[in-house]
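Undergrad: Please read through the structure below; I'll follow up with questions.
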Amino acid sequence: MSGIQVDQATRRLTRRPDVVVVGAGIVGLAAAYELAARRLRVCVLDGAEPGAGQSSRNWGFVRQQGRAEEELPVMMEANQMWQELPGRLGADIEWVQGGNLRLTDQPQRVDEYRRWIELARSYGLDSRVATPGEVTALVPGFTARYELAIFTPSDGQANPVKAVGAYTRALGHLQVDIHTGRRARRIVTAGGAVAGVATDGGFVAAPTVVLAAGTGSGALLRQLGHPVPVHFVDQTVALTEPMPKLTDACVWTGRVGFRQTANGQVLVSSGGRGDLVVDPASLAALLSPRQVRQAVPMYWKNREYLRIRPRQLMGSLGARHHDHLDGEMRYDDVAQALDAMAEHFPALRWQPATAWAGTIDATPDALPILDTVGPSGGVVVASGMSGHGFGIAPAVGRIVADLVTTGTSHHDLQPFRLRRFVDGAPKAPQHLL
Ligand SMILES: Cc1cc2nc3c(=O)[nH]c(=O)nc-3n(C[C@H](O)[C@H](O)[C@H](O)COP(=O)(O)OP(=O)(O)OC[C@H]3O[C@@H](n4cnc5c(N)ncnc54)[C@H](O)[C@@H]3O)c2cc1C
């Protein structure tokens, strides 16, 4: 620990935490909340501020629909937790349980969708094929052409900014300090144990660290000797001017994803398309022969959605470090999403009010990393949410709290192990697109 500056202000503020959470996105906040609810002394560090990364920039879909089998039980628990969250956090987070409607216009995908419905039903989920009449009832005036529509009524949506704000305020009530502008530089170990976190603003001592830094987790894990093959995807989102009532469902057509917010605005995104960016911290892990073998089929399966722009890719490789909180905006994606909305709703005029981009941290199998690493298992990792982390966050928070307090979880965490990228059989993403 020599050479580490102890920041008195940090010491005083944190009141000697039992756990330091790195990252105040929805995953770190949910973890801190569950830990503090179990009466642990918790402090949260963020290089920027709560929700600065993906957690305030996402679509706000809280969906079980389309998830990989491994993730489904965790997401189903998260769905139950979302239903209780407004009451637990004492805040309006615009939670609406309006279902998730997903269409495919690709005949070759129909069997895949039907198989997923069977899988979901075997877990007791209320997913089903939706008839054309049901689709019209769910989204009146919607004229999209499709081969098959599937619907999960128990799915929902929430306002990401309000959800982050609600967790942040609830943590304040639980006496949890959130230090903004405190970038974690290194997780410090000493004498076979975790000692704490070295930050921009000094050292925070704690025996346990929760790593929930989203796009920032890779660099910290690599320092601990765990290079992770995480890649980033920049995605653009737009919000329209308020529209007449369209639907309570979250809808995804392959060309566009949308949901209507509480004030009538419609959040639109061009169906999940994004630009591939490489995290320099993950480069060596990504270029291992095993990952290259896995990446090619993964890219091929998702080539409709995952774009490679050579200049952007080269730029990302040249950078020494990426914060990657805001991503690079694609105005052509905004135009494409609004064109799709105009085609799907010919009677309506679509005007964008604002747009933004975000950067997704994704693993090769699109499953999160939920694991315990470091000396004496003192580092609990909750990262690599692969574009699904808003919905699943409450349950991930509970898993983290279980790992910290008991070392186990009632969920099977085998599929989410960090070392699966090294010792497991390579696996392509199994979620539905
Ligand atoms: C455009 C877009 C649409 C999406 N849509 C959905 C959706 O509809 N449904 C869904 O479930 N998911 C969606 N996602 C994914 C979801 O938003 C993320 O999986 C989730 O927000 C991840 O939360 P997080 O807390 O892990 O990461 P983040 O929200 O990215 O938070 C990480 C935090 O860590 C901080 N940090 C980073 N490095 C450091 C460091 N070294 N020290 C201290 N702090 C650090 C950052 O400042 C940041 O605040 C979407 C994502 C994007 C970008």
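Please note that chains go A, B, ... in the order of the structure tokens, that every chain numbers its residues from 1, and that ligands are numbered from 1 in the order shown.
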Please write out the residues within 6 Å of ligand 1 as a ChimeraX atom specification, counting only C-alpha atoms and all ligand atoms.
TA: /A:22-28,45-55,57-62,182-185,212-216,235-237,357-360,383,385-391
Undergrad: How would the residues just chosen look if you wrote them out with N, CA and C atoms as a compact mmCIF listing (two decimals), in the first residue's frame?
TA:
# COMPACT_ATOMS: atom_id res chain seq x y z
N VAL A 22 -17.71 0.79 -7.00
CA VAL A 22 -17.13 1.63 -8.06
C VAL A 22 -18.13 1.70 -9.20
N GLY A 23 -18.69 2.88 -9.44
CA GLY A 23 -19.66 3.06 -10.51
C GLY A 23 -21.05 3.34 -9.96
N ALA A 24 -21.57 4.53 -10.31
CA ALA A 24 -22.93 4.90 -9.85
C ALA A 24 -23.89 4.87 -11.02
N GLY A 25 -23.78 3.81 -11.86
CA GLY A 25 -24.84 3.51 -12.81
C GLY A 25 -25.92 2.74 -12.06
N ILE A 26 -26.93 2.31 -12.79
CA ILE A 26 -28.05 1.66 -12.09
C ILE A 26 -27.61 0.37 -11.40
N VAL A 27 -26.58 -0.31 -11.96
CA VAL A 27 -26.12 -1.56 -11.34
C VAL A 27 -25.42 -1.26 -10.01
N GLY A 28 -24.51 -0.30 -10.01
CA GLY A 28 -23.81 0.06 -8.77
C GLY A 28 -24.78 0.60 -7.73
N LEU A 45 -18.39 5.37 -5.48
CA LEU A 45 -17.51 6.31 -6.19
C LEU A 45 -17.91 6.35 -7.65
N ASP A 46 -17.95 7.53 -8.22
CA ASP A 46 -18.15 7.60 -9.67
C ASP A 46 -17.22 8.65 -10.25
N GLY A 47 -16.57 8.29 -11.36
CA GLY A 47 -15.67 9.23 -12.03
C GLY A 47 -16.41 10.45 -12.53
N ALA A 48 -17.70 10.32 -12.77
CA ALA A 48 -18.52 11.44 -13.23
C ALA A 48 -19.62 11.66 -12.19
N GLU A 49 -20.83 11.23 -12.51
CA GLU A 49 -21.95 11.39 -11.57
C GLU A 49 -22.95 10.26 -11.78
N PRO A 50 -23.91 10.07 -10.86
CA PRO A 50 -24.85 8.97 -11.03
C PRO A 50 -25.56 9.04 -12.38
N GLY A 51 -25.57 7.89 -13.07
CA GLY A 51 -26.28 7.82 -14.35
C GLY A 51 -25.55 8.46 -15.52
N ALA A 52 -24.28 8.84 -15.33
CA ALA A 52 -23.56 9.52 -16.42
C ALA A 52 -23.32 8.59 -17.62
N GLY A 53 -23.31 7.29 -17.37
CA GLY A 53 -23.05 6.35 -18.47
C GLY A 53 -24.34 5.87 -19.10
N GLN A 54 -24.43 4.57 -19.30
CA GLN A 54 -25.58 4.00 -20.02
C GLN A 54 -26.90 4.17 -19.28
N SER A 55 -26.80 4.25 -17.95
CA SER A 55 -28.03 4.12 -17.15
C SER A 55 -29.02 5.25 -17.32
N ARG A 57 -29.13 6.81 -20.36
CA ARG A 57 -29.19 7.00 -21.82
C ARG A 57 -29.95 5.89 -22.52
N ASN A 58 -30.42 4.91 -21.75
CA ASN A 58 -31.00 3.73 -22.41
C ASN A 58 -32.47 3.93 -22.76
N TRP A 59 -33.04 2.92 -23.40
CA TRP A 59 -34.43 3.03 -23.88
C TRP A 59 -35.45 2.93 -22.76
N GLY A 60 -35.06 2.32 -21.64
CA GLY A 60 -36.02 2.16 -20.55
C GLY A 60 -36.90 0.93 -20.68
N PHE A 61 -36.53 0.01 -21.57
CA PHE A 61 -37.27 -1.25 -21.67
C PHE A 61 -36.89 -2.14 -20.49
N VAL A 62 -37.89 -2.65 -19.79
CA VAL A 62 -37.64 -3.62 -18.72
C VAL A 62 -38.26 -4.92 -19.22
N ARG A 182 -14.99 11.17 -8.69
CA ARG A 182 -13.93 10.36 -8.06
C ARG A 182 -13.69 9.11 -8.91
N ARG A 183 -12.74 9.22 -9.79
CA ARG A 183 -12.45 8.11 -10.68
C ARG A 183 -11.57 7.07 -9.96
N ALA A 184 -11.96 5.82 -10.00
CA ALA A 184 -11.12 4.76 -9.42
C ALA A 184 -9.97 4.49 -10.38
N ARG A 185 -8.76 4.58 -9.86
CA ARG A 185 -7.57 4.33 -10.69
C ARG A 185 -7.13 2.88 -10.58
N ALA A 212 -18.67 -2.07 -10.57
CA ALA A 212 -19.86 -1.88 -11.41
C ALA A 212 -19.64 -0.64 -12.26
N ALA A 213 -18.48 -0.58 -12.92
CA ALA A 213 -18.09 0.64 -13.63
C ALA A 213 -18.44 0.59 -15.11
N GLY A 214 -19.28 -0.34 -15.54
CA GLY A 214 -19.70 -0.37 -16.94
C GLY A 214 -18.51 -0.42 -17.88
N THR A 215 -18.42 0.57 -18.76
CA THR A 215 -17.31 0.60 -19.74
C THR A 215 -15.96 0.81 -19.06
N GLY A 216 -15.95 1.22 -17.80
CA GLY A 216 -14.68 1.43 -17.09
C GLY A 216 -14.19 0.20 -16.34
N GLN A 235 -24.63 3.51 -29.55
CA GLN A 235 -25.99 3.47 -30.08
C GLN A 235 -26.68 4.83 -29.87
N THR A 236 -27.47 5.25 -30.87
CA THR A 236 -28.13 6.56 -30.82
C THR A 236 -29.62 6.40 -30.53
N VAL A 237 -30.13 7.32 -29.73
CA VAL A 237 -31.54 7.32 -29.33
C VAL A 237 -32.12 8.71 -29.58
N ALA A 357 -26.46 9.73 -27.62
CA ALA A 357 -25.88 8.40 -27.85
C ALA A 357 -25.38 7.84 -26.53
N GLY A 358 -25.21 6.54 -26.49
CA GLY A 358 -24.66 5.88 -25.31
C GLY A 358 -23.77 4.74 -25.75
N THR A 359 -22.91 4.28 -24.86
CA THR A 359 -22.00 3.19 -25.20
C THR A 359 -22.29 1.97 -24.35
N ILE A 360 -22.59 0.88 -25.02
CA ILE A 360 -22.93 -0.38 -24.35
C ILE A 360 -21.65 -1.19 -24.12
N SER A 383 -20.62 -6.42 -14.16
CA SER A 383 -20.35 -5.59 -15.33
C SER A 383 -20.69 -6.37 -16.60
N MET A 385 -22.98 -5.79 -18.94
CA MET A 385 -24.43 -6.08 -18.97
C MET A 385 -24.96 -6.24 -20.40
N SER A 386 -24.13 -5.96 -21.39
CA SER A 386 -24.42 -6.31 -22.79
C SER A 386 -25.76 -5.78 -23.31
N GLY A 387 -26.07 -4.55 -22.90
CA GLY A 387 -27.28 -3.90 -23.43
C GLY A 387 -28.56 -4.30 -22.73
N HIS A 388 -28.46 -5.10 -21.62
CA HIS A 388 -29.66 -5.56 -20.93
C HIS A 388 -29.71 -5.08 -19.49
N GLY A 389 -28.79 -4.23 -19.10
CA GLY A 389 -28.55 -3.99 -17.68
C GLY A 389 -29.55 -3.12 -16.96
N PHE A 390 -30.30 -2.30 -17.70
CA PHE A 390 -31.29 -1.46 -17.01
C PHE A 390 -32.35 -2.37 -16.38
N GLY A 391 -32.92 -3.23 -17.20
CA GLY A 391 -33.99 -4.09 -16.71
C GLY A 391 -33.55 -5.03 -15.60
Undergrad: DSSP says strand (DSSP E or B) for which residues of range 40-200 of chain A? Put them as a ChimeraX atom specification?
TA: /A:42-45,61-62,96,100-104,128-129,148-152,156-157,177-179,184-190,193-199
Undergrad: Between A:Leu286, A:Val373, A:Val42, A:Ala249, which one has atoms that come closest to Ala30 in chain A, using only C-alpha atoms?
TA: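 Smallest distance to Ala30 in chain A is found for A:Val42.
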Undergrad: Please give the complete set of residues from range 80-185 of chain A that DSSP, run on the backbone, assigns to alpha helix (DSSP H), formatted as a PyMOL selection string.
TA: chain A and resi 80-89+110-122+132-138+160-173
Undergrad: With C-alpha atoms retained, could you export that selection as a PDB file, in the first residue's frame?
TA:
ATOM      1  CA  GLN A  80     -40.930  -8.728  -9.767  1.00  0.00           C
ATOM      2  CA  MET A  81     -38.600  -6.263  -8.087  1.00  0.00           C
ATOM      3  CA  TRP A  82     -39.474  -3.473 -10.580  1.00  0.00           C
ATOM      4  CA  GLN A  83     -43.125  -3.873  -9.636  1.00  0.00           C
ATOM      5  CA  GLU A  84     -42.213  -3.111  -6.030  1.00  0.00           C
ATOM      6  CA  LEU A  85     -39.513  -0.539  -6.763  1.00  0.00           C
ATOM      7  CA  PRO A  86     -41.652   2.647  -6.801  1.00  0.00           C
ATOM      8  CA  GLY A  87     -42.875   1.701  -3.299  1.00  0.00           C
ATOM      9  CA  ARG A  88     -39.465   0.639  -2.000  1.00  0.00           C
ATOM     10  CA  LEU A  89     -37.716   3.751  -3.305  1.00  0.00           C
ATOM     11  CA  VAL A 110     -39.916 -17.277 -37.240  1.00  0.00           C
ATOM     12  CA  ASP A 111     -38.859 -20.683 -35.928  1.00  0.00           C
ATOM     13  CA  GLU A 112     -36.289 -19.064 -33.643  1.00  0.00           C
ATOM     14  CA  TYR A 113     -39.027 -16.806 -32.191  1.00  0.00           C
ATOM     15  CA  ARG A 114     -41.408 -19.738 -31.742  1.00  0.00           C
ATOM     16  CA  ARG A 115     -38.698 -21.758 -29.989  1.00  0.00           C
ATOM     17  CA  TRP A 116     -38.051 -18.852 -27.658  1.00  0.00           C
ATOM     18  CA  ILE A 117     -41.758 -18.703 -26.737  1.00  0.00           C
ATOM     19  CA  GLU A 118     -41.633 -22.404 -25.831  1.00  0.00           C
ATOM     20  CA  LEU A 119     -38.555 -21.788 -23.701  1.00  0.00           C
ATOM     21  CA  ALA A 120     -40.159 -18.814 -21.950  1.00  0.00           C
ATOM     22  CA  ARG A 121     -43.323 -20.757 -21.209  1.00  0.00           C
ATOM     23  CA  SER A 122     -41.287 -23.609 -19.722  1.00  0.00           C
ATOM     24  CA  PRO A 132     -52.781  -9.414 -35.801  1.00  0.00           C
ATOM     25  CA  GLY A 133     -55.904  -8.369 -33.878  1.00  0.00           C
ATOM     26  CA  GLU A 134     -53.925  -8.218 -30.635  1.00  0.00           C
ATOM     27  CA  VAL A 135     -51.157  -6.193 -32.267  1.00  0.00           C
ATOM     28  CA  THR A 136     -53.726  -3.659 -33.520  1.00  0.00           C
ATOM     29  CA  ALA A 137     -55.332  -3.492 -30.091  1.00  0.00           C
ATOM     30  CA  LEU A 138     -51.949  -2.944 -28.439  1.00  0.00           C
ATOM     31  CA  PRO A 160     -34.087   5.689 -16.676  1.00  0.00           C
ATOM     32  CA  VAL A 161     -33.251   9.186 -15.378  1.00  0.00           C
ATOM     33  CA  LYS A 162     -35.956   8.989 -12.725  1.00  0.00           C
ATOM     34  CA  ALA A 163     -34.907   5.469 -11.724  1.00  0.00           C
ATOM     35  CA  VAL A 164     -31.293   6.592 -11.221  1.00  0.00           C
ATOM     36  CA  GLY A 165     -32.499   9.661  -9.296  1.00  0.00           C
ATOM     37  CA  ALA A 166     -34.765   7.536  -7.096  1.00  0.00           C
ATOM     38  CA  TYR A 167     -31.977   5.107  -6.182  1.00  0.00           C
ATOM     39  CA  THR A 168     -29.618   8.024  -5.509  1.00  0.00           C
ATOM     40  CA  ARG A 169     -32.074   9.720  -3.145  1.00  0.00           C
ATOM     41  CA  ALA A 170     -32.912   6.430  -1.420  1.00  0.00           C
ATOM     42  CA  LEU A 171     -29.186   5.874  -0.822  1.00  0.00           C
ATOM     43  CA  GLY A 172     -29.001   9.326   0.746  1.00  0.00           C
ATOM     44  CA  HIS A 173     -31.732   8.293   3.189  1.00  0.00           C
TER      45      HIS A 173
END
Undergrad: Name all residues at most 9 Å from Asn100 in chain A (count only C-alpha atoms; drop same-chain ones fewer than 4 positions away) and give them as JSON, numbers by chain.
TA: {"A": [61, 62, 63, 64, 65, 150, 151, 152, 153, 154, 155, 156, 157, 249, 250, 251, 252]}
Undergrad: I'd like the interatomic distance between CA of Thr189 in chain A and CA of Gly374 in chain A, to a tenth of an Å.
TA: 8.1 Å
Undergrad: Which is closer to Arg398 in chain A than all the others in A:Ala238, A:Val194, A:Leu370, A:Leu418, using only C-alpha atoms?
TA: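 Smallest separation from Arg398 in chain A among the options: A:Leu370.
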Undergrad: Using only C-alpha atoms, I'd like a table of the residues in range 333-387 of chain A that come within 10 Å of range 195-203 of chain A; for each, show the closest atom pair and its distance in Å rounded to one decimal, ordered by chain and ascending number, as a tab-separated table.
TA:
residue	atom	partner	partner_atom	distance
A:Pro375	CA	A:Ala195	CA	9.8
A:Gly378	CA	A:Ala195	CA	8.9
A:Val379	CA	A:Gly196	CA	9.8
Undergrad: Do a neighbour search on Leu403 in chain A at 12 Å with only C-alpha atoms, toss out local chain neighbours closer than 3 positions, and write the hits as a PDB file with N, CA and C atoms, in the first residue's frame.
TA:
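Below you can see result.pdb, which holds the result:
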ATOM      1  N   VAL A  19     -17.975  -1.692   2.327  1.00  0.00           N
ATOM      2  CA  VAL A  19     -17.944  -1.972   0.891  1.00  0.00           C
ATOM      3  C   VAL A  19     -17.816  -0.669   0.121  1.00  0.00           C
ATOM      4  N   ALA A  31     -26.868  -2.208  -6.321  1.00  0.00           N
ATOM      5  CA  ALA A  31     -26.047  -3.019  -5.414  1.00  0.00           C
ATOM      6  C   ALA A  31     -25.855  -2.291  -4.082  1.00  0.00           C
ATOM      7  N   GLU A  34     -29.072  -2.462  -2.024  1.00  0.00           N
ATOM      8  CA  GLU A  34     -29.331  -3.763  -1.373  1.00  0.00           C
ATOM      9  C   GLU A  34     -28.350  -4.000  -0.227  1.00  0.00           C
ATOM     10  N   LEU A  35     -27.105  -3.549  -0.401  1.00  0.00           N
ATOM     11  CA  LEU A  35     -26.105  -3.715   0.665  1.00  0.00           C
ATOM     12  C   LEU A  35     -26.459  -2.855   1.878  1.00  0.00           C
ATOM     13  N   THR A 208     -13.938  -4.839   0.917  1.00  0.00           N
ATOM     14  CA  THR A 208     -14.671  -5.394  -0.225  1.00  0.00           C
ATOM     15  C   THR A 208     -14.949  -4.291  -1.231  1.00  0.00           C
ATOM     16  N   VAL A 209     -14.747  -4.625  -2.506  1.00  0.00           N
ATOM     17  CA  VAL A 209     -15.018  -3.672  -3.589  1.00  0.00           C
ATOM     18  C   VAL A 209     -16.026  -4.306  -4.535  1.00  0.00           C
ATOM     19  N   VAL A 210     -17.058  -3.540  -4.873  1.00  0.00           N
ATOM     20  CA  VAL A 210     -17.986  -3.977  -5.926  1.00  0.00           C
ATOM     21  C   VAL A 210     -17.621  -3.217  -7.189  1.00  0.00           C
ATOM     22  N   LEU A 370     -20.925 -11.760 -13.497  1.00  0.00           N
ATOM     23  CA  LEU A 370     -21.328 -11.668 -12.076  1.00  0.00           C
ATOM     24  C   LEU A 370     -20.464 -12.673 -11.338  1.00  0.00           C
ATOM     25  N   ASP A 371     -19.455 -12.180 -10.674  1.00  0.00           N
ATOM     26  CA  ASP A 371     -18.468 -13.114 -10.121  1.00  0.00           C
ATOM     27  C   ASP A 371     -17.704 -12.441  -8.989  1.00  0.00           C
ATOM     28  N   THR A 372     -16.982 -13.275  -8.283  1.00  0.00           N
ATOM     29  CA  THR A 372     -16.142 -12.805  -7.191  1.00  0.00           C
ATOM     30  C   THR A 372     -14.697 -13.098  -7.556  1.00  0.00           C
ATOM     31  N   VAL A 373     -13.837 -12.093  -7.545  1.00  0.00           N
ATOM     32  CA  VAL A 373     -12.425 -12.289  -7.894  1.00  0.00           C
ATOM     33  C   VAL A 373     -11.558 -11.570  -6.871  1.00  0.00           C
ATOM     34  N   GLY A 377     -11.524 -13.252  -2.496  1.00  0.00           N
ATOM     35  CA  GLY A 377     -12.819 -12.947  -3.116  1.00  0.00           C
ATOM     36  C   GLY A 377     -13.331 -11.566  -2.748  1.00  0.00           C
ATOM     37  N   GLY A 378     -12.416 -10.637  -2.555  1.00  0.00           N
ATOM     38  CA  GLY A 378     -12.819  -9.308  -2.072  1.00  0.00           C
ATOM     39  C   GLY A 378     -13.359  -8.368  -3.138  1.00  0.00           C
ATOM     40  N   VAL A 379     -13.339  -8.810  -4.397  1.00  0.00           N
ATOM     41  CA  VAL A 379     -13.876  -7.948  -5.468  1.00  0.00           C
ATOM     42  C   VAL A 379     -15.071  -8.658  -6.100  1.00  0.00           C
ATOM     43  N   VAL A 380     -16.229  -8.040  -6.010  1.00  0.00           N
ATOM     44  CA  VAL A 380     -17.431  -8.602  -6.632  1.00  0.00           C
ATOM     45  C   VAL A 380     -17.675  -7.827  -7.925  1.00  0.00           C
ATOM     46  N   VAL A 381     -17.678  -8.557  -9.038  1.00  0.00           N
ATOM     47  CA  VAL A 381     -17.806  -7.903 -10.354  1.00  0.00           C
ATOM     48  C   VAL A 381     -19.248  -7.998 -10.831  1.00  0.00           C
ATOM     49  N   ALA A 382     -19.797  -6.861 -11.236  1.00  0.00           N
ATOM     50  CA  ALA A 382     -21.139  -6.821 -11.839  1.00  0.00           C
ATOM     51  C   ALA A 382     -21.049  -5.881 -13.037  1.00  0.00           C
ATOM     52  N   VAL A 396     -29.632  -7.887 -10.091  1.00  0.00           N
ATOM     53  CA  VAL A 396     -28.168  -7.939  -9.999  1.00  0.00           C
ATOM     54  C   VAL A 396     -27.723  -7.323  -8.668  1.00  0.00           C
ATOM     55  N   GLY A 397     -28.378  -6.244  -8.279  1.00  0.00           N
ATOM     56  CA  GLY A 397     -28.059  -5.627  -6.986  1.00  0.00           C
ATOM     57  C   GLY A 397     -28.232  -6.626  -5.852  1.00  0.00           C
ATOM     58  N   ARG A 398     -29.300  -7.411  -5.923  1.00  0.00           N
ATOM     59  CA  ARG A 398     -29.542  -8.417  -4.869  1.00  0.00           C
ATOM     60  C   ARG A 398     -28.483  -9.518  -4.928  1.00  0.00           C
ATOM     61  N   ILE A 399     -28.114  -9.929  -6.138  1.00  0.00           N
ATOM     62  CA  ILE A 399     -27.074 -10.969  -6.280  1.00  0.00           C
ATOM     63  C   ILE A 399     -25.753 -10.474  -5.681  1.00  0.00           C
ATOM     64  N   VAL A 400     -25.417  -9.225  -5.987  1.00  0.00           N
ATOM     65  CA  VAL A 400     -24.172  -8.656  -5.453  1.00  0.00           C
ATOM     66  C   VAL A 400     -24.213  -8.670  -3.925  1.00  0.00           C
ATOM     67  N   THR A 406     -22.890 -13.448   1.820  1.00  0.00           N
ATOM     68  CA  THR A 406     -22.890 -14.907   2.052  1.00  0.00           C
ATOM     69  C   THR A 406     -21.927 -15.659   1.141  1.00  0.00           C
ATOM     70  N   GLY A 407     -21.422 -14.991   0.113  1.00  0.00           N
ATOM     71  CA  GLY A 407     -20.509 -15.665  -0.828  1.00  0.00           C
ATOM     72  C   GLY A 407     -21.247 -16.521  -1.849  1.00  0.00           C
ATOM     73  N   THR A 408     -22.578 -16.572  -1.790  1.00  0.00           N
ATOM     74  CA  THR A 408     -23.332 -17.392  -2.749  1.00  0.00           C
ATOM     75  C   THR A 408     -24.565 -16.625  -3.232  1.00  0.00           C
ATOM     76  N   SER A 409     -25.265 -17.263  -4.187  1.00  0.00           N
ATOM     77  CA  SER A 409     -26.516 -16.685  -4.678  1.00  0.00           C
ATOM     78  C   SER A 409     -27.494 -17.826  -4.901  1.00  0.00           C
ATOM     79  N   HIS A 410     -28.777 -17.542  -4.817  1.00  0.00           N
ATOM     80  CA  HIS A 410     -29.750 -18.600  -5.127  1.00  0.00           C
ATOM     81  C   HIS A 410     -29.869 -18.799  -6.638  1.00  0.00           C
ATOM     82  N   HIS A 411     -29.260 -17.906  -7.425  1.00  0.00           N
ATOM     83  CA  HIS A 411     -29.214 -18.110  -8.876  1.00  0.00           C
ATOM     84  C   HIS A 411     -27.974 -18.914  -9.241  1.00  0.00           C
ATOM     85  N   LEU A 413     -24.869 -18.994 -10.967  1.00  0.00           N
ATOM     86  CA  LEU A 413     -24.002 -17.954 -11.532  1.00  0.00           C
ATOM     87  C   LEU A 413     -22.919 -18.539 -12.440  1.00  0.00           C
TER      88      LEU A 413
END
